[in-house]
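Undergrad: entry_35.txt is reproduced in full below (compact mmCIF, C-alpha atoms and all ligand atoms).
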# COMPACT_ATOMS: atom_id res chain seq x y z
CA MET F 182 23.72 -18.25 -20.61
CA ASP F 183 24.14 -20.50 -17.61
CA PRO F 184 20.98 -20.17 -15.49
CA LEU F 185 23.06 -20.72 -12.35
CA GLN F 186 24.61 -17.32 -12.91
CA PHE F 187 21.29 -15.74 -11.99
CA ASN F 188 20.20 -15.03 -8.49
CA ILE F 189 17.32 -12.62 -8.81
CA PRO F 190 15.66 -11.60 -5.54
CA PHE F 191 12.03 -10.54 -5.34
CA ASN F 192 13.00 -7.05 -4.23
CA LYS F 193 16.18 -5.02 -3.90
CA PRO F 194 15.93 -1.61 -2.16
CA HIS F 195 16.94 1.23 -4.48
CA LEU F 196 19.20 4.05 -3.31
CA THR F 197 19.12 7.34 -5.21
CA GLY F 198 22.58 8.42 -3.97
CA LYS F 199 21.37 11.43 -1.99
CA GLU F 200 20.28 9.54 1.13
CA LEU F 201 23.58 9.79 2.99
CA VAL F 202 24.02 13.44 2.00
CA TYR F 203 20.74 14.38 3.64
CA ILE F 204 21.27 12.08 6.62
CA ARG F 205 24.65 13.73 7.22
CA ASP F 206 22.96 17.14 7.06
CA ALA F 207 20.31 16.02 9.54
CA VAL F 208 22.92 14.62 11.91
CA GLU F 209 25.08 17.75 11.71
CA SER F 210 22.11 20.03 12.29
CA GLY F 211 21.86 18.61 15.77
CA GLN F 212 18.17 17.74 15.78
CA LEU F 213 17.65 14.04 15.40
CA SER F 214 14.24 13.52 16.96
CA GLY F 215 11.08 13.84 14.89
CA ASN F 216 9.18 16.77 13.39
CA GLY F 217 12.29 18.68 12.30
CA LYS F 218 13.38 20.13 8.96
CA TYR F 219 13.28 16.93 6.87
CA THR F 220 9.98 15.75 8.35
CA LYS F 221 8.42 19.08 7.41
CA MET F 222 9.99 19.00 3.91
CA CYS F 223 8.59 15.52 3.25
CA GLN F 224 5.14 16.43 4.54
CA ARG F 225 5.08 19.60 2.47
CA PHE F 226 6.16 17.68 -0.61
CA PHE F 227 3.14 15.38 -0.34
CA GLU F 228 0.72 18.19 0.48
CA GLU F 229 1.83 20.23 -2.53
CA GLU F 230 2.33 17.42 -5.04
CA PHE F 231 -0.85 15.46 -4.33
CA GLY F 232 -3.24 17.93 -2.69
CA PHE F 233 -3.36 16.12 0.64
CA LEU F 234 -4.78 18.44 3.32
CA LYS F 235 -2.41 17.47 6.16
CA CYS F 236 0.40 14.92 6.28
CA LEU F 237 2.12 13.46 9.33
CA LEU F 238 5.08 11.14 8.88
CA THR F 239 4.93 8.00 11.02
CA SER F 240 7.26 5.10 11.76
CA SER F 241 5.21 2.81 9.51
CA CYS F 242 1.93 2.48 7.64
CA THR F 243 0.88 0.19 10.49
CA ASP F 244 1.35 3.12 12.89
CA ALA F 245 -0.59 5.44 10.61
CA LEU F 246 -3.50 2.97 10.56
CA GLU F 247 -3.40 2.75 14.35
CA MET F 248 -3.48 6.55 14.57
CA ALA F 249 -6.50 6.60 12.26
CA ALA F 250 -8.33 4.11 14.50
CA ILE F 251 -7.58 6.23 17.60
CA LEU F 252 -8.71 9.40 15.81
CA LEU F 253 -12.07 7.88 14.93
CA ASN F 254 -12.59 6.74 18.54
CA ILE F 255 -13.02 3.16 17.39
CA LYS F 256 -14.22 1.01 20.30
CA GLU F 257 -15.69 -2.35 21.15
CA GLY F 258 -18.90 -3.03 19.24
CA ASP F 259 -17.84 -0.99 16.19
CA GLU F 260 -17.57 -2.69 12.82
CA ILE F 261 -14.94 -1.90 10.19
CA ILE F 262 -15.18 -3.12 6.61
CA VAL F 263 -11.78 -4.29 5.36
CA PRO F 264 -10.82 -6.42 2.36
CA ALA F 265 -9.92 -10.00 3.32
CA TYR F 266 -7.16 -9.94 0.73
CA THR F 267 -4.73 -7.53 2.40
CA PHE F 268 -1.84 -7.24 4.83
CA VAL F 269 -2.65 -7.87 8.52
CA SER F 270 -2.08 -4.24 9.56
CA THR F 271 -5.16 -3.05 7.68
CA ALA F 272 -7.28 -5.07 10.11
CA ASN F 273 -5.06 -5.18 13.19
CA ALA F 274 -5.17 -1.42 13.76
CA PHE F 275 -8.91 -1.62 14.42
CA VAL F 276 -8.82 -4.93 16.28
CA LEU F 277 -6.42 -3.26 18.72
CA ARG F 278 -9.23 -0.85 19.64
CA GLY F 279 -11.76 -3.65 20.08
CA ALA F 280 -13.59 -3.40 16.75
CA LYS F 281 -15.04 -6.30 14.80
CA ILE F 282 -13.69 -6.72 11.27
CA VAL F 283 -16.22 -7.39 8.52
CA PHE F 284 -14.30 -8.75 5.55
CA ALA F 285 -15.17 -7.77 1.99
CA ASP F 286 -14.42 -9.95 -1.03
CA CYS F 287 -12.44 -8.89 -4.12
CA ARG F 288 -13.53 -7.87 -7.58
CA LYS F 289 -13.26 -10.50 -10.29
CA ASP F 290 -10.97 -8.43 -12.53
CA ASN F 291 -8.53 -7.18 -9.88
CA PRO F 292 -7.74 -7.83 -6.19
CA ASN F 293 -9.36 -4.63 -4.89
CA MET F 294 -12.51 -4.80 -2.76
CA ASP F 295 -15.68 -5.26 -4.81
CA GLU F 296 -17.62 -2.05 -4.25
CA ASP F 297 -20.87 -3.74 -5.33
CA LEU F 298 -20.72 -6.07 -2.33
CA LEU F 299 -20.21 -3.37 0.29
CA GLU F 300 -23.76 -2.15 0.88
CA ASP F 301 -24.82 -5.56 2.19
CA LEU F 302 -22.02 -5.47 4.75
CA ILE F 303 -23.00 -2.10 6.25
CA THR F 304 -24.93 -2.16 9.56
CA PRO F 305 -25.81 0.58 12.10
CA ARG F 306 -22.54 -0.36 13.87
CA THR F 307 -20.31 0.23 10.81
CA LYS F 308 -17.84 3.05 11.54
CA ALA F 309 -15.47 2.91 8.58
CA ILE F 310 -14.55 1.31 5.27
CA VAL F 311 -10.86 0.75 4.57
CA PRO F 312 -10.27 0.30 0.83
CA VAL F 313 -6.80 -1.02 -0.03
CA HIS F 314 -5.44 0.09 -3.42
CA TYR F 315 -3.82 -3.22 -4.25
CA SER F 316 -0.65 -2.90 -6.35
CA GLY F 317 -1.22 0.86 -6.44
CA VAL F 318 -4.33 0.52 -8.62
CA ALA F 319 -7.31 2.55 -7.41
CA CYS F 320 -10.42 1.06 -5.87
CA ASN F 321 -13.65 2.53 -7.23
CA MET F 322 -13.41 5.48 -4.86
CA GLU F 323 -16.38 7.39 -6.24
CA ARG F 324 -18.76 4.55 -5.45
CA ILE F 325 -17.15 3.91 -2.06
CA MET F 326 -17.32 7.59 -1.02
CA GLU F 327 -21.00 7.77 -2.10
CA LEU F 328 -21.84 4.73 0.00
CA ALA F 329 -19.94 6.13 2.97
CA GLU F 330 -21.73 9.45 2.69
CA ASP F 331 -25.15 7.79 2.42
CA HIS F 332 -24.50 5.86 5.62
CA GLY F 333 -22.49 8.47 7.55
CA ILE F 334 -19.32 6.41 7.82
CA TYR F 335 -15.65 7.22 7.41
CA VAL F 336 -13.31 6.08 4.65
CA ILE F 337 -9.63 5.45 5.32
CA GLU F 338 -7.63 4.61 2.20
CA ASP F 339 -4.91 2.07 2.86
CA ALA F 340 -2.65 3.57 0.20
CA ALA F 341 0.44 1.70 1.44
CA GLN F 342 1.22 0.66 -2.14
CA ALA F 343 -0.34 3.63 -3.89
CA VAL F 344 2.12 6.51 -3.84
CA ASN F 345 1.91 8.59 -7.04
CA SER F 346 -1.22 6.93 -8.42
CA TYR F 347 -4.60 8.40 -9.35
CA PHE F 348 -8.34 7.88 -9.63
CA THR F 349 -10.44 9.64 -12.27
CA ASP F 350 -14.09 10.23 -11.36
CA THR F 351 -17.05 10.11 -13.77
CA LYS F 352 -16.80 13.88 -14.32
CA GLY F 353 -13.25 13.39 -15.55
CA ASN F 354 -11.53 14.89 -12.49
CA LYS F 355 -8.28 13.25 -11.48
CA HIS F 356 -7.61 12.67 -7.77
CA ALA F 357 -4.37 11.40 -6.22
CA LEU F 358 -4.90 8.24 -4.21
CA GLY F 359 -4.74 9.29 -0.59
CA SER F 360 -6.56 12.58 -1.27
CA ILE F 361 -10.05 11.08 -1.47
CA GLY F 362 -10.89 9.39 1.84
CA HIS F 363 -11.31 11.23 5.17
CA MET F 364 -7.86 9.81 5.89
CA ALA F 365 -5.24 7.74 4.08
CA THR F 366 -2.12 5.83 5.08
CA PHE F 367 1.11 5.26 3.16
CA SER F 368 4.08 2.94 3.65
CA PHE F 369 7.76 3.58 2.94
CA HIS F 370 8.82 0.07 3.89
CA GLU F 371 11.76 -1.11 1.80
CA THR F 372 9.47 -3.26 -0.37
CA LYS F 373 7.45 -0.24 -1.58
CA ASN F 374 8.17 2.18 -4.46
CA ILE F 375 9.44 5.04 -2.28
CA ILE F 376 11.28 3.88 0.81
CA SER F 377 12.93 4.81 4.09
CA GLY F 378 13.58 1.32 5.46
CA GLU F 379 10.63 1.38 7.80
CA GLY F 380 8.36 4.39 7.48
CA GLY F 381 4.86 5.61 6.80
CA MET F 382 2.52 8.57 6.73
CA LEU F 383 -0.96 9.49 7.84
CA VAL F 384 -2.90 11.83 5.55
CA ILE F 385 -5.82 13.72 7.06
CA ASN F 386 -8.19 15.23 4.50
CA ASP F 387 -11.07 15.99 6.90
CA PRO F 388 -10.19 19.34 8.52
CA GLU F 389 -12.11 18.44 11.69
CA LEU F 390 -9.71 15.58 12.36
CA VAL F 391 -6.49 17.60 11.99
CA PRO F 392 -6.00 19.18 15.45
CA ARG F 393 -6.44 15.89 17.32
CA ALA F 394 -4.24 14.03 14.81
CA GLU F 395 -1.24 16.18 15.78
CA ILE F 396 -1.88 15.51 19.47
CA ILE F 397 -2.15 11.74 19.07
CA TRP F 398 1.02 11.86 16.96
CA GLU F 399 2.90 13.69 19.75
CA LYS F 400 2.13 11.25 22.59
CA GLY F 401 -1.15 12.90 23.58
CA THR F 402 0.42 16.33 24.08
CA ASN F 403 -0.16 19.69 22.40
CA ARG F 404 3.54 19.99 21.60
CA SER F 405 2.96 20.87 17.91
CA ALA F 406 0.66 23.77 18.81
CA PHE F 407 3.13 24.87 21.51
CA PHE F 408 5.97 25.11 18.99
CA ARG F 409 3.74 27.22 16.75
CA ASN F 410 3.13 29.50 19.76
CA GLU F 411 -0.58 28.71 19.68
CA VAL F 412 -0.68 27.62 23.32
CA LYS F 413 1.37 28.82 26.29
CA LYS F 414 2.00 25.47 27.90
CA TYR F 415 2.81 22.05 26.54
CA GLU F 416 0.57 19.57 28.31
CA TRP F 417 -1.00 16.12 28.29
CA VAL F 418 -4.37 16.68 26.61
CA ASP F 419 -5.49 13.34 25.10
CA ILE F 420 -4.40 9.76 24.49
CA GLY F 421 -1.58 9.24 22.04
CA SER F 422 1.68 7.48 21.44
CA SER F 423 5.10 7.93 19.86
CA PHE F 424 4.30 7.81 16.18
CA LEU F 425 7.01 10.15 14.78
CA PRO F 426 9.99 8.87 12.84
CA SER F 427 13.37 10.44 13.55
CA GLU F 428 14.93 13.03 11.27
CA VAL F 429 17.38 10.36 10.02
CA THR F 430 14.45 8.45 8.52
CA ALA F 431 12.86 11.61 7.12
CA ALA F 432 16.17 12.69 5.53
CA PHE F 433 16.42 9.33 3.77
CA LEU F 434 12.83 9.63 2.58
CA TYR F 435 13.39 13.13 1.22
CA ALA F 436 16.14 11.84 -1.07
CA GLN F 437 13.71 9.26 -2.44
CA LEU F 438 10.95 11.82 -2.98
CA GLU F 439 13.25 13.94 -5.12
CA SER F 440 13.66 10.91 -7.41
CA MET F 441 10.00 9.91 -7.43
CA ASP F 442 9.47 10.45 -11.16
CA LYS F 443 12.65 8.65 -12.15
CA ILE F 444 11.80 5.68 -9.93
CA HIS F 445 8.28 5.62 -11.34
CA GLN F 446 9.51 5.63 -14.94
CA LYS F 447 11.96 2.79 -14.39
CA ARG F 448 9.43 0.60 -12.58
CA ARG F 449 6.86 1.37 -15.23
CA LYS F 450 9.21 0.32 -18.01
CA ILE F 451 9.78 -3.05 -16.33
CA TRP F 452 6.04 -3.47 -15.71
CA ASP F 453 5.20 -2.66 -19.34
CA THR F 454 7.84 -5.10 -20.61
CA TYR F 455 6.37 -7.91 -18.51
CA PHE F 456 2.88 -7.07 -19.71
CA GLU F 457 3.73 -6.86 -23.41
CA ARG F 458 5.93 -9.90 -23.56
CA LEU F 459 3.72 -12.14 -21.43
CA SER F 460 0.28 -11.30 -22.83
CA GLU F 461 0.08 -13.97 -25.50
CA TRP F 462 1.61 -16.68 -23.31
CA ALA F 463 -0.78 -15.83 -20.47
CA LYS F 464 -3.78 -16.12 -22.74
CA GLU F 465 -2.66 -19.52 -23.99
CA GLN F 466 -2.13 -20.78 -20.44
CA GLN F 467 -5.34 -19.17 -19.09
CA ILE F 468 -3.28 -17.06 -16.73
CA GLN F 469 -4.69 -13.65 -15.75
CA LEU F 470 -2.43 -10.60 -16.03
CA PRO F 471 -3.18 -7.39 -14.10
CA SER F 472 -6.08 -5.38 -15.47
CA ILE F 473 -6.20 -1.65 -14.79
CA PRO F 474 -9.72 -0.15 -14.77
CA ALA F 475 -10.22 2.93 -16.98
CA TYR F 476 -10.54 5.12 -13.86
CA ALA F 477 -7.15 4.07 -12.46
CA THR F 478 -3.49 4.75 -13.19
CA ASN F 479 -0.64 2.30 -12.76
CA ASN F 480 2.27 3.19 -10.44
CA ALA F 481 3.95 -0.14 -11.20
CA HIS F 482 4.13 -1.14 -7.56
CA LEU F 483 3.99 -4.81 -8.44
CA PHE F 484 3.53 -7.17 -11.34
CA TYR F 485 1.43 -10.19 -10.55
CA LEU F 486 0.00 -13.21 -12.35
CA VAL F 487 -3.15 -15.08 -11.38
CA ALA F 488 -2.68 -18.73 -12.27
CA ARG F 489 -5.54 -21.15 -13.03
CA ASP F 490 -5.15 -22.83 -9.65
CA LEU F 491 -2.78 -23.60 -6.80
CA GLU F 492 -1.06 -26.39 -8.67
CA GLN F 493 -0.23 -24.24 -11.68
CA ARG F 494 0.91 -21.38 -9.40
CA ASP F 495 3.26 -23.61 -7.43
CA LEU F 496 4.64 -25.16 -10.60
CA ILE F 497 5.58 -21.69 -11.85
CA ILE F 498 7.18 -20.70 -8.53
CA ASP F 499 9.21 -23.95 -8.39
CA HIS F 500 10.32 -23.71 -12.01
CA LEU F 501 11.52 -20.11 -11.57
CA LYS F 502 13.29 -20.97 -8.33
CA LYS F 503 15.34 -23.59 -10.14
CA GLN F 504 16.44 -20.86 -12.55
CA GLY F 505 17.54 -18.54 -9.74
CA ILE F 506 14.40 -16.38 -9.75
CA LEU F 507 12.43 -15.61 -6.63
CA ALA F 508 8.72 -15.16 -7.41
CA ILE F 509 6.42 -15.22 -4.40
CA PHE F 510 2.75 -15.65 -3.63
CA HIS F 511 0.91 -13.00 -1.69
CA TYR F 512 -1.69 -12.63 1.01
CA LEU F 513 -3.24 -15.57 2.72
CA SER F 514 -6.76 -14.26 3.02
CA LEU F 515 -7.32 -12.82 6.52
CA HIS F 516 -10.75 -14.45 6.92
CA ARG F 517 -8.92 -17.79 7.05
CA SER F 518 -6.11 -16.65 9.36
CA PRO F 519 -5.49 -18.57 12.59
CA PHE F 520 -6.27 -15.38 14.52
CA TYR F 521 -9.52 -14.36 12.86
CA ALA F 522 -11.15 -17.38 11.15
CA ALA F 523 -13.40 -18.26 14.10
CA LYS F 524 -14.40 -14.61 14.60
CA HIS F 525 -15.16 -14.26 10.90
CA GLY F 526 -17.47 -17.27 10.79
CA THR F 527 -18.57 -19.11 7.68
CA ARG F 528 -19.41 -16.35 5.18
CA GLU F 529 -17.67 -17.34 1.92
CA LEU F 530 -15.24 -15.02 0.12
CA PRO F 531 -14.55 -16.96 -3.05
CA GLU F 532 -12.47 -14.37 -4.88
CA SER F 533 -10.14 -13.80 -1.92
CA ASP F 534 -9.69 -17.56 -1.66
CA ARG F 535 -8.95 -17.80 -5.36
CA LEU F 536 -6.25 -15.11 -5.17
CA SER F 537 -4.69 -16.62 -2.03
CA ASN F 538 -4.28 -19.84 -3.98
CA SER F 539 -3.30 -18.58 -7.38
CA LEU F 540 -1.66 -15.13 -7.33
CA LEU F 541 2.10 -14.76 -7.62
CA ARG F 542 4.32 -11.70 -7.90
CA LEU F 543 7.37 -11.38 -10.13
CA PRO F 544 10.59 -9.54 -9.21
CA LEU F 545 10.14 -5.81 -9.83
CA PHE F 546 12.70 -3.33 -8.56
CA TYR F 547 14.64 -0.34 -9.87
CA GLY F 548 17.90 -2.25 -10.27
CA LEU F 549 16.46 -5.17 -12.27
CA SER F 550 18.62 -5.39 -15.40
CA GLU F 551 17.36 -6.02 -18.92
CA GLU F 552 19.23 -9.30 -18.92
CA GLU F 553 17.54 -10.39 -15.70
CA LEU F 554 14.14 -9.31 -16.97
CA ASP F 555 14.74 -11.30 -20.15
CA HIS F 556 15.76 -14.35 -18.12
CA ILE F 557 12.57 -14.16 -16.03
CA ILE F 558 10.30 -13.77 -19.06
CA GLU F 559 11.95 -16.55 -21.08
CA ASN F 560 11.80 -18.93 -18.12
CA LEU F 561 8.15 -18.20 -17.47
CA LYS F 562 7.44 -19.10 -21.07
CA SER F 563 9.25 -22.40 -20.64
CA VAL F 564 7.38 -23.63 -17.55
CA PRO F 565 6.54 -27.26 -18.42
CA PHE F 566 2.78 -27.12 -17.85
CA ASN F 567 1.85 -30.32 -19.64
CA GLU F 568 4.28 -32.85 -18.26
C1 LIG D 1 3.06 -2.72 3.27
C2 LIG D 1 1.63 -2.61 3.64
C3 LIG D 1 1.21 -2.25 4.94
C4 LIG D 1 2.17 -2.09 6.08
O1 LIG D 1 3.11 -1.13 5.91
P1 LIG D 1 4.26 -0.91 7.00
O2 LIG D 1 4.84 0.41 6.63
O3 LIG D 1 5.22 -2.05 6.85
O4 LIG D 1 3.62 -0.90 8.34
C5 LIG D 1 -0.14 -2.09 5.19
N1 LIG D 1 -1.05 -2.29 4.23
C6 LIG D 1 -0.71 -2.67 2.99
C7 LIG D 1 -1.77 -2.86 1.96
C8 LIG D 1 0.64 -2.85 2.65
O5 LIG D 1 0.97 -3.23 1.42
Starting from the file, lay out its structure as structure tokens.

TA:
Amino acid sequence: MDPLQFNIPFNKPHLTGKELVYIRDAVESGQLSGNGKYTKMCQRFFEEEFGFLKCLLTSSCTDALEMAAILLNIKEGDEIIVPAYTFVSTANAFVLRGAKIVFADCRKDNPNMDEDLLEDLITPRTKAIVPVHYSGVACNMERIMELAEDHGIYVIEDAAQAVNSYFTDTKGNKHALGSIGHMATFSFHETKNIISGEGGMLVINDPELVPRAEIIWEKGTNRSAFFRNEVKKYEWVDIGSSFLPSEVTAAFLYAQLESMDKIHQKRRKIWDTYFERLSEWAKEQQIQLPSIPAYATNNAHLFYLVARDLEQRDLIIDHLKKQGILAIFHYLSLHRSPFYAAKHGTRELPESDRLSNSLLRLPLFYGLSEEELDHIIENLKSVPFNE
């Protein structure tokens, strides 16, 4: 097969076929602004399927994180513990409210925050820990929740990548990611498993935070309570912003949610094929494949490799590119970012640095054909490492 025939992107958004049907229905119903029929159907789906206490759709996971920071009254002088190896929004939401970010390093066996390093980062000013479930694989939530409880701090799960994934505690109880922290945030950006173009959701599991969450969501007004006939007037009662997506977005999302299991199975099949067919090669080349702790499930959000070093990683990326395959590296650790490096100071985060230099992600999307998958795997195995 001529390699030039391949042009495999990193991601291709998947359409289930029902999106336009539901969007048409939303448009014809006459209500296009937020918090209508499809918004409520999506929120109910998550609450029933995963045991989340209260869900509010947002325009993005970034927005949901910003709502969480407002809800916790984060202000100047507060400290928030965030992994260094994550997307900027995890930190930015709290920086916007004046907080100082205290970066945590990663585990050695996977890119999640190392729970054993957290206690040393907690001070009397610490307000929250924000674990990120990288690639949809759970952080050690039992340990993190214990620590948070001991110190009276909040936990917000950045579950942007973690839809339909679980954590099993030491008693054997299974918890959906997003149902464990006081709050959690999800993303439906087109690069995630379940999509709506741009989109997100805030989950509130702490009942005390629910009433104010609705107000912040609705621009600082008690509009939600008004429509439930709980208050007589609809007024400005707090700070807030416009965090609701329109019904067009929610209608799209609902179509995706109906296909959640099918999407999961397809992604999982691709993930498993990568893992099985690359295991031996990876061992020979001292390349790390993903490792899933016994307490976590795998939602097949992404398949990554951790190369020996930067040179080996870039060699792989270049070689695949020549064969029409787009593999890409991931986060540049936030503690070294132009915006935050000086504020972070000199504390070393060796594992985050290692992953910034050596992790790469392979194409993984619903429409990836067997032929394309085969082409990627065979070309990985033929990277000329010793020339
Ligand atoms: C994708 C992602 C976000 C941002 O999601 P948006 O919906 O694009 O705002 C935040 N955190 C993590 C870990 C992500 O992967």

Undergrad: Go through F:Glu428, F:Asp290, F:Glu559, F:Glu457 one by one, measure the shortest atom-to-atom distance of each to F:Val487 using only C-alpha atoms, and give the residue with the smallest value.

TA: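 Smallest separation from F:Val487 among the options: F:Asp290.
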
Undergrad: Using all atoms listed in the file, pick whichever of F:Arg306, F:His500, F:Lys352, F:His314 has the shortest atom-to-atom distance to F:Tyr266.

TA: F:His314

Undergrad: For ligand LIG 1 (chain D), collect every residue having any atom at a distance of at most 10 Å from a ligand atom (counting all atoms listed in the file); output as a ChimeraX atom specification.

TA: /F:239-247,264,266-274,312-317,338-343,366-373,376-382,482,512

Undergrad: Around the point (3.2, -13.0, -20.3), in the coordinates given by the file, pick out the residues reaching within 9 Å, counting all atoms listed in the file, and return them as a PyMOL selection string.

TA: chain F and resi 455-464+468+470+486+558+561-562

Undergrad: Quick one: everything within 7 Å of F:Pro471, counting only C-alpha atoms, minus sequence neighbours fewer than 2 positions away in the same chain. Send it as a list of chain:residue names.

TA: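 Contacts, with the query itself left out: F:Asn291, F:Gln469, F:Ile473, F:Tyr485, F:Leu486.
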
Undergrad: Do you have the atom CA of F:Phe510-atom CA of F:Leu545 distance handy?

TA: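 About the pair atom CA of F:Phe510 and atom CA of F:Leu545: they are 13.8 Å apart.
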
Undergrad: Compile the contact shell of F:Arg205 as a ChimeraX atom specification: residues with an atom at most 10 Å away, counting all atoms listed in the file, same-chain residues fewer than 3 positions apart removed.

TA: /F:200-202,208-210,429,432-433

Undergrad: Find the residues around F:Gln504 up to 9 Å (only C-alpha atoms counted), leave out those fewer than 2 positions away in its own chain, and share them as a PDB file with C-alpha atoms, keeping the file's coordinate frame.

TA:
ATOM      1  CA  PRO F 184      20.980 -20.170 -15.490  1.00  0.00           C
ATOM      2  CA  LEU F 185      23.060 -20.720 -12.350  1.00  0.00           C
ATOM      3  CA  GLN F 186      24.610 -17.320 -12.910  1.00  0.00           C
ATOM      4  CA  PHE F 187      21.290 -15.740 -11.990  1.00  0.00           C
ATOM      5  CA  ASN F 188      20.200 -15.030  -8.490  1.00  0.00           C
ATOM      6  CA  ASP F 499       9.210 -23.950  -8.390  1.00  0.00           C
ATOM      7  CA  HIS F 500      10.320 -23.710 -12.010  1.00  0.00           C
ATOM      8  CA  LEU F 501      11.520 -20.110 -11.570  1.00  0.00           C
ATOM      9  CA  LYS F 502      13.290 -20.970  -8.330  1.00  0.00           C
ATOM     10  CA  ILE F 506      14.400 -16.380  -9.750  1.00  0.00           C
ATOM     11  CA  LEU F 507      12.430 -15.610  -6.630  1.00  0.00           C
ATOM     12  CA  HIS F 556      15.760 -14.350 -18.120  1.00  0.00           C
ATOM     13  CA  ILE F 557      12.570 -14.160 -16.030  1.00  0.00           C
ATOM     14  CA  ASN F 560      11.800 -18.930 -18.120  1.00  0.00           C
TER      15      ASN F 560
END

Undergrad: Smallest atom-to-atom distance to F:Ala329: which of F:Thr351, F:Ser360, F:Gly217, F:Ile261, using all atoms listed in the file?

TA: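 With all atoms listed in the file as the atom set, the closest residue is F:Ile261.
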
Undergrad: For F:Met364, which of F:Lys235, F:Lys289, F:Lys256, F:Lys400 is the closest residue, counting all atoms listed in the file?

TA: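 Closest to F:Met364, using all atoms listed in the file: F:Lys235.
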
Undergrad: Which of these, F:Ala431, F:Ile189, F:Ile396, F:Leu234, has the shortest distance to F:Asp555 once you count only C-alpha atoms?

TA: F:Ile189

Undergrad: Which residue, F:Gln437, F:Gln224, F:Asn192, F:Asn567, has the smallest gap to F:Phe484 when you use all atoms listed in the file?

TA: F:Asn192

Undergrad: Which residues come within 9 Å of stretch 225-232 of chain F, counting only C-alpha atoms, excluding same-chain residues fewer than 4 positions away, as a list of chain:residue names?

TA: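 Listed by chain and then number, they are F:Thr220, F:Lys221, F:Cys236, F:Asn345, F:His356, F:Ala357, F:Leu358, F:Gly359, F:Ser360, F:Val384, F:Tyr435, F:Leu438.
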
Undergrad: Please report, as JSON, the centre and edge lengths in Å to one decimal of an axis-aligned box covering all listed atoms of stretch 350-355 of chain F with 3 Å per side.

TA:
{"center_x": -12.7, "center_y": 12.5, "center_z": -13.5, "size_x": 14.8, "size_y": 10.8, "size_z": 10.2}

Undergrad: Using all atoms listed in the file, give me every residue within 8 Å of (17.3, -8.5, -5.9) in file coordinates, as a list of chain:residue names.

TA: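 Neighbouring residues, ordered by chain and number, come to F:Asn188, F:Ile189, F:Pro190, F:Phe191, F:Asn192, F:Lys193, F:Pro194, F:Pro544, F:Phe546, F:Gly548, F:Leu549.
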
Undergrad: What does the file look like for those residues with C-alpha atoms, as a tab-separated table (two decimals), keeping the file's coordinate frame?

TA:
chain	number	residue	atom	x	y	z
F	188	ASN	CA	20.20	-15.03	-8.49
F	189	ILE	CA	17.32	-12.62	-8.81
F	190	PRO	CA	15.66	-11.60	-5.54
F	191	PHE	CA	12.03	-10.54	-5.34
F	192	ASN	CA	13.00	-7.05	-4.23
F	193	LYS	CA	16.18	-5.02	-3.90
F	194	PRO	CA	15.93	-1.61	-2.16
F	544	PRO	CA	10.59	-9.54	-9.21
F	546	PHE	CA	12.70	-3.33	-8.56
F	548	GLY	CA	17.90	-2.25	-10.27
F	549	LEU	CA	16.46	-5.17	-12.27

Undergrad: Can you measure atom CA of F:Asn410 to atom CA of F:Leu237 for me? One decimal in Å is fine.

TA: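 Distance between the two atoms: 19.2 Å.
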